[in-house]
$ cat start-v7.cif   # mmCIF, C-alpha atoms
data_input
loop_
_atom_site.label_atom_id
_atom_site.label_comp_id
_atom_site.auth_asym_id
_atom_site.auth_seq_id
_atom_site.Cartn_x
_atom_site.Cartn_y
_atom_site.Cartn_z
CA MET A 29 -143.70 -0.19 30.18
CA THR A 30 -142.64 -3.67 31.17
CA PRO A 31 -139.74 -4.18 33.55
CA GLN A 32 -136.54 -5.24 31.87
CA THR A 33 -135.41 -8.76 32.57
CA ALA A 34 -131.85 -8.26 31.34
CA LYS A 35 -129.33 -5.79 32.70
CA LYS A 36 -129.05 -2.65 30.62
CA PRO A 37 -125.81 -2.39 28.66
CA SER A 38 -123.52 0.30 30.06
CA VAL A 39 -121.05 2.55 28.28
CA LEU A 40 -118.26 4.70 29.69
CA PHE A 41 -116.84 7.54 27.60
CA VAL A 42 -113.35 8.65 28.57
CA CYS A 43 -111.23 11.58 27.40
CA VAL A 44 -108.54 13.55 29.17
CA HIS A 45 -110.58 16.52 30.40
CA ASN A 46 -114.15 15.11 30.27
CA ALA A 47 -115.18 18.52 29.02
CA GLY A 48 -115.99 18.12 25.33
CA ARG A 49 -115.95 14.89 23.33
CA SER A 50 -116.90 12.50 26.14
CA GLN A 51 -119.60 14.87 27.41
CA MET A 52 -121.14 15.22 23.92
CA ALA A 53 -121.01 11.44 23.42
CA ALA A 54 -122.67 10.80 26.79
CA ALA A 55 -125.39 13.38 26.07
CA PHE A 56 -126.09 11.87 22.64
CA LEU A 57 -126.20 8.31 23.99
CA THR A 58 -128.49 9.30 26.86
CA THR A 59 -130.85 11.10 24.47
CA LEU A 60 -130.79 8.71 21.52
CA SER A 61 -131.00 5.47 23.53
CA GLN A 62 -133.97 6.85 25.48
CA GLY A 63 -132.73 5.31 28.71
CA ALA A 64 -132.08 1.83 27.26
CA ILE A 65 -128.33 2.15 27.89
CA GLU A 66 -126.61 3.20 31.10
CA VAL A 67 -124.23 6.09 30.36
CA ARG A 68 -121.12 7.31 32.18
CA SER A 69 -118.36 9.73 31.25
CA ALA A 70 -115.10 10.64 32.93
CA GLY A 71 -111.67 12.13 32.38
CA SER A 72 -108.17 11.15 33.39
CA GLN A 73 -107.47 14.84 34.21
CA PRO A 74 -110.94 16.46 34.46
CA ALA A 75 -111.31 20.12 33.57
CA GLU A 76 -112.99 22.71 35.79
CA LYS A 77 -116.07 22.89 33.56
CA VAL A 78 -117.57 21.57 30.34
CA ASN A 79 -116.38 23.31 27.16
CA PRO A 80 -118.87 26.16 26.45
CA ALA A 81 -118.56 25.61 22.68
CA ALA A 82 -119.56 21.96 23.16
CA VAL A 83 -122.54 23.03 25.29
CA GLU A 84 -123.57 25.51 22.57
CA ALA A 85 -123.13 22.99 19.74
CA MET A 86 -125.30 20.45 21.55
CA SER A 87 -127.96 23.03 22.45
CA GLU A 88 -128.33 23.70 18.72
CA LEU A 89 -129.70 20.15 18.50
CA GLY A 90 -131.93 20.55 21.55
CA ILE A 91 -129.64 18.71 23.99
CA ASP A 92 -128.83 20.60 27.19
CA MET A 93 -125.41 19.84 28.70
CA SER A 94 -125.16 23.06 30.71
CA ALA A 95 -125.54 21.32 34.08
CA GLU A 96 -122.88 18.66 33.41
CA ILE A 97 -119.59 18.72 35.31
CA PRO A 98 -116.37 16.89 34.42
CA LYS A 99 -115.79 13.79 36.54
CA VAL A 100 -112.60 11.93 37.40
CA LEU A 101 -112.03 8.50 35.89
CA THR A 102 -112.22 5.72 38.46
CA THR A 103 -111.36 2.04 38.24
CA GLU A 104 -114.91 1.28 39.46
CA ALA A 105 -116.45 3.15 36.51
CA VAL A 106 -114.45 1.00 34.11
CA LYS A 107 -115.30 -2.23 35.97
CA GLU A 108 -119.03 -1.40 35.94
CA SER A 109 -119.15 -0.65 32.20
CA ASP A 110 -119.67 -3.13 29.38
CA VAL A 111 -118.14 -0.86 26.75
CA VAL A 112 -115.34 1.67 27.32
CA VAL A 113 -114.94 4.28 24.58
CA THR A 114 -111.68 6.20 24.82
CA MET A 115 -111.06 9.49 23.06
CA GLY A 116 -107.42 10.43 23.20
CA CYS A 117 -106.54 9.41 26.75
CA GLY A 118 -104.01 6.82 25.61
CA ASP A 119 -102.43 4.68 28.29
CA GLU A 120 -104.06 6.61 31.13
CA CYS A 121 -107.22 4.50 30.82
CA PRO A 122 -107.29 1.36 32.97
CA TYR A 123 -107.68 -1.90 31.07
CA PHE A 124 -109.71 -4.89 32.23
CA PRO A 125 -109.84 -8.13 30.23
CA GLY A 126 -113.29 -9.01 28.97
CA LYS A 127 -114.42 -5.43 28.44
CA ARG A 128 -115.20 -4.12 24.98
CA TYR A 129 -112.90 -1.19 24.22
CA GLU A 130 -113.23 1.24 21.35
CA ASP A 131 -110.82 4.08 20.68
CA TRP A 132 -112.50 6.92 18.82
CA VAL A 133 -109.96 9.21 17.18
CA LEU A 134 -111.67 12.61 17.26
CA GLU A 135 -110.29 16.11 17.13
CA ASP A 136 -110.10 17.74 20.57
CA PRO A 137 -112.57 20.66 20.73
CA ALA A 138 -110.68 22.34 23.61
CA GLY A 139 -110.08 26.01 22.93
CA GLN A 140 -112.08 25.99 19.70
CA GLY A 141 -115.21 27.92 18.80
CA VAL A 142 -118.60 26.40 18.05
CA GLU A 143 -117.91 26.42 14.28
CA ALA A 144 -115.01 24.00 14.81
CA VAL A 145 -116.96 21.92 17.32
CA ARG A 146 -119.98 21.25 15.05
CA PRO A 147 -118.21 18.72 12.76
CA ILE A 148 -116.80 16.92 15.82
CA ARG A 149 -120.30 16.84 17.33
CA ASP A 150 -121.76 15.45 14.10
CA GLU A 151 -119.13 12.71 13.87
CA ILE A 152 -119.81 11.75 17.49
CA LYS A 153 -123.54 11.51 16.74
CA THR A 154 -122.89 9.15 13.81
CA ARG A 155 -120.66 6.96 15.96
CA ILE A 156 -123.26 6.93 18.77
CA GLU A 157 -125.94 5.74 16.36
CA GLY A 158 -123.67 2.85 15.36
CA LEU A 159 -122.91 2.06 19.00
CA ILE A 160 -126.62 1.95 19.86
CA ALA A 161 -127.26 -0.40 16.93
CA SER A 162 -124.49 -2.72 18.17
CA LEU A 163 -125.79 -2.76 21.77
CA ILE A 164 -129.52 -2.86 21.01
CA PRO A 165 -129.91 -4.74 17.73
CA ALA A 166 -133.63 -3.93 17.52
CA ALA A 167 -132.92 -0.18 17.59
CA LYS A 168 -133.68 1.65 14.36
#
$ encode --input "start-v7.cif" --output "structure tokens"
Amino acid sequence: MTPQTAKKPSVLFVCVHNAGRSQMAAAFLTTLSQGAIEVRSAGSQPAEKVNPAAVEAMSELGIDMSAEIPKVLTTEAVKESDVVVTMGCGDECPYFPGKRYEDWVLEDPAGQGVEAVRPIRDEIKTRIEGLIASLIPAAK
């Protein structure tokens, strides 16, 4: 491998509890970008633990999120990210001019079983593939 000359693009996924949608998005981006993109996730009001149905839905695709823990959203995380993807946190997300913001309207998997989480997971995967293509144009 050759050292990269340019800084890796970085993405921050934010939802209220950082327990479902943002964790699945971060896991997909980490896996599918194969380390080419720096990934962060956080919540405006982090939960105690990651949603077990989200962990199960991702494990069905061979992605292990069982060791992840919800993290609190910080201003520094937003400042250090090139793209901020919000998922239902509304006005609680800090805004900095010059950042690329995307608001992904996705159903909240909180309190739902794995059957209800699978379609949310699949939609997140599709959006992640598009995000990778926009950040790394050479990506397939």
$ closest_atom_pairs --input "start-v7.cif" --of "segment 57-128 of chain A" --to "segment 38-47 of chain A" --cutoff "10 Å" --atoms "all atoms listed in the file" --output "CSV"
residue,atom,partner,partner_atom,distance
A:Leu57,CA,A:Val39,CA,8.8
A:Ala64,CA,A:Ser38,CA,9.1
A:Ile65,CA,A:Ser38,CA,5.6
A:Glu66,CA,A:Ser38,CA,4.4
A:Val67,CA,A:Val39,CA,5.2
A:Arg68,CA,A:Leu40,CA,4.6
A:Ser69,CA,A:Phe41,CA,4.5
A:Ala70,CA,A:Val42,CA,5.1
A:Gly71,CA,A:Asn46,CA,4.4
A:Ser72,CA,A:Val44,CA,4.9
A:Gln73,CA,A:His45,CA,5.2
A:Pro74,CA,A:His45,CA,4.1
A:Ala75,CA,A:His45,CA,4.9
A:Glu76,CA,A:Ala47,CA,8.3
A:Lys77,CA,A:Ala47,CA,6.4
A:Val78,CA,A:Ala47,CA,4.1
A:Asn79,CA,A:Ala47,CA,5.3
A:Pro80,CA,A:Ala47,CA,8.9
A:Ala82,CA,A:Ala47,CA,8.1
A:Val83,CA,A:Ala47,CA,9.4
A:Glu96,CA,A:Ala47,CA,8.9
A:Ile97,CA,A:Ala47,CA,7.7
A:Pro98,CA,A:Asn46,CA,5.0
A:Lys99,CA,A:Asn46,CA,6.6
A:Val100,CA,A:Asn46,CA,8.0
A:Leu101,CA,A:Val42,CA,7.4
A:Ala105,CA,A:Leu40,CA,7.2
A:Val106,CA,A:Leu40,CA,6.9
A:Lys107,CA,A:Leu40,CA,9.8
A:Glu108,CA,A:Ser38,CA,7.6
A:Ser109,CA,A:Ser38,CA,5.0
A:Asp110,CA,A:Ser38,CA,5.2
A:Val111,CA,A:Val39,CA,4.7
A:Val112,CA,A:Leu40,CA,4.8
A:Val113,CA,A:Phe41,CA,4.8
A:Thr114,CA,A:Val42,CA,4.8
A:Met115,CA,A:Cys43,CA,4.8
A:Gly116,CA,A:Cys43,CA,5.8
A:Cys117,CA,A:Val44,CA,5.2
A:Gly118,CA,A:Cys43,CA,8.8
A:Glu120,CA,A:Val44,CA,8.5
A:Cys121,CA,A:Val42,CA,7.7
A:Arg128,CA,A:Val39,CA,9.5
$ write_last_selection --input "start-v7.cif" --atoms "C-alpha atoms" --output "mmCIF file, keeping the file's coordinate frame"
data_model
loop_
_atom_site.group_PDB
_atom_site.id
_atom_site.type_symbol
_atom_site.label_atom_id
_atom_site.label_comp_id
_atom_site.auth_asym_id
_atom_site.auth_seq_id
_atom_site.Cartn_x
_atom_site.Cartn_y
_atom_site.Cartn_z
ATOM 1 C CA LEU A 57 -126.200 8.310 23.990
ATOM 2 C CA ALA A 64 -132.080 1.830 27.260
ATOM 3 C CA ILE A 65 -128.330 2.150 27.890
ATOM 4 C CA GLU A 66 -126.610 3.200 31.100
ATOM 5 C CA VAL A 67 -124.230 6.090 30.360
ATOM 6 C CA ARG A 68 -121.120 7.310 32.180
ATOM 7 C CA SER A 69 -118.360 9.730 31.250
ATOM 8 C CA ALA A 70 -115.100 10.640 32.930
ATOM 9 C CA GLY A 71 -111.670 12.130 32.380
ATOM 10 C CA SER A 72 -108.170 11.150 33.390
ATOM 11 C CA GLN A 73 -107.470 14.840 34.210
ATOM 12 C CA PRO A 74 -110.940 16.460 34.460
ATOM 13 C CA ALA A 75 -111.310 20.120 33.570
ATOM 14 C CA GLU A 76 -112.990 22.710 35.790
ATOM 15 C CA LYS A 77 -116.070 22.890 33.560
ATOM 16 C CA VAL A 78 -117.570 21.570 30.340
ATOM 17 C CA ASN A 79 -116.380 23.310 27.160
ATOM 18 C CA PRO A 80 -118.870 26.160 26.450
ATOM 19 C CA ALA A 82 -119.560 21.960 23.160
ATOM 20 C CA VAL A 83 -122.540 23.030 25.290
ATOM 21 C CA GLU A 96 -122.880 18.660 33.410
ATOM 22 C CA ILE A 97 -119.590 18.720 35.310
ATOM 23 C CA PRO A 98 -116.370 16.890 34.420
ATOM 24 C CA LYS A 99 -115.790 13.790 36.540
ATOM 25 C CA VAL A 100 -112.600 11.930 37.400
ATOM 26 C CA LEU A 101 -112.030 8.500 35.890
ATOM 27 C CA ALA A 105 -116.450 3.150 36.510
ATOM 28 C CA VAL A 106 -114.450 1.000 34.110
ATOM 29 C CA LYS A 107 -115.300 -2.230 35.970
ATOM 30 C CA GLU A 108 -119.030 -1.400 35.940
ATOM 31 C CA SER A 109 -119.150 -0.650 32.200
ATOM 32 C CA ASP A 110 -119.670 -3.130 29.380
ATOM 33 C CA VAL A 111 -118.140 -0.860 26.750
ATOM 34 C CA VAL A 112 -115.340 1.670 27.320
ATOM 35 C CA VAL A 113 -114.940 4.280 24.580
ATOM 36 C CA THR A 114 -111.680 6.200 24.820
ATOM 37 C CA MET A 115 -111.060 9.490 23.060
ATOM 38 C CA GLY A 116 -107.420 10.430 23.200
ATOM 39 C CA CYS A 117 -106.540 9.410 26.750
ATOM 40 C CA GLY A 118 -104.010 6.820 25.610
ATOM 41 C CA GLU A 120 -104.060 6.610 31.130
ATOM 42 C CA CYS A 121 -107.220 4.500 30.820
ATOM 43 C CA ARG A 128 -115.200 -4.120 24.980
#
$ atom_distance --input "start-v7.cif" --atom1 "atom CA of Glu84 of chain A" --atom2 "atom CA of Val145 of chain A"
9.2 Å
$ residues_around --input "start-v7.cif" --residues "segment 155-164 of chain A" --least-positions-apart "4" --cutoff "8 Å" --atoms "only C-alpha atoms" --output "PyMOL selection string"
chain A and resi 37+53+56-57+60-61+151+168
$ atom_distance --input "start-v7.cif" --atom1 "atom CA of Ala85 of chain A" --atom2 "atom CA of Arg146 of chain A"
5.9 Å
$ atom_distance --input "start-v7.cif" --atom1 "atom CA of Ala55 of chain A" --atom2 "atom CA of Met86 of chain A"
8.4 Å
$ closest_residue --input "start-v7.cif" --among "A:Asp150, A:Asp136, A:Glu143, A:Asp131" --to "Leu89 of chain A" --atoms "all atoms listed in the file"
A:Asp150
$ closest_residue --input "start-v7.cif" --among "A:Met93, A:Ala81, A:Tyr123, A:Lys35" --to "Gly139 of chain A" --atoms "all atoms listed in the file"
A:Ala81
$ closest_residue --input "start-v7.cif" --among "A:Thr102, A:Ala54, A:Ser94, A:Glu130" --to "Ile152 of chain A" --atoms "only C-alpha atoms"
A:Ala54
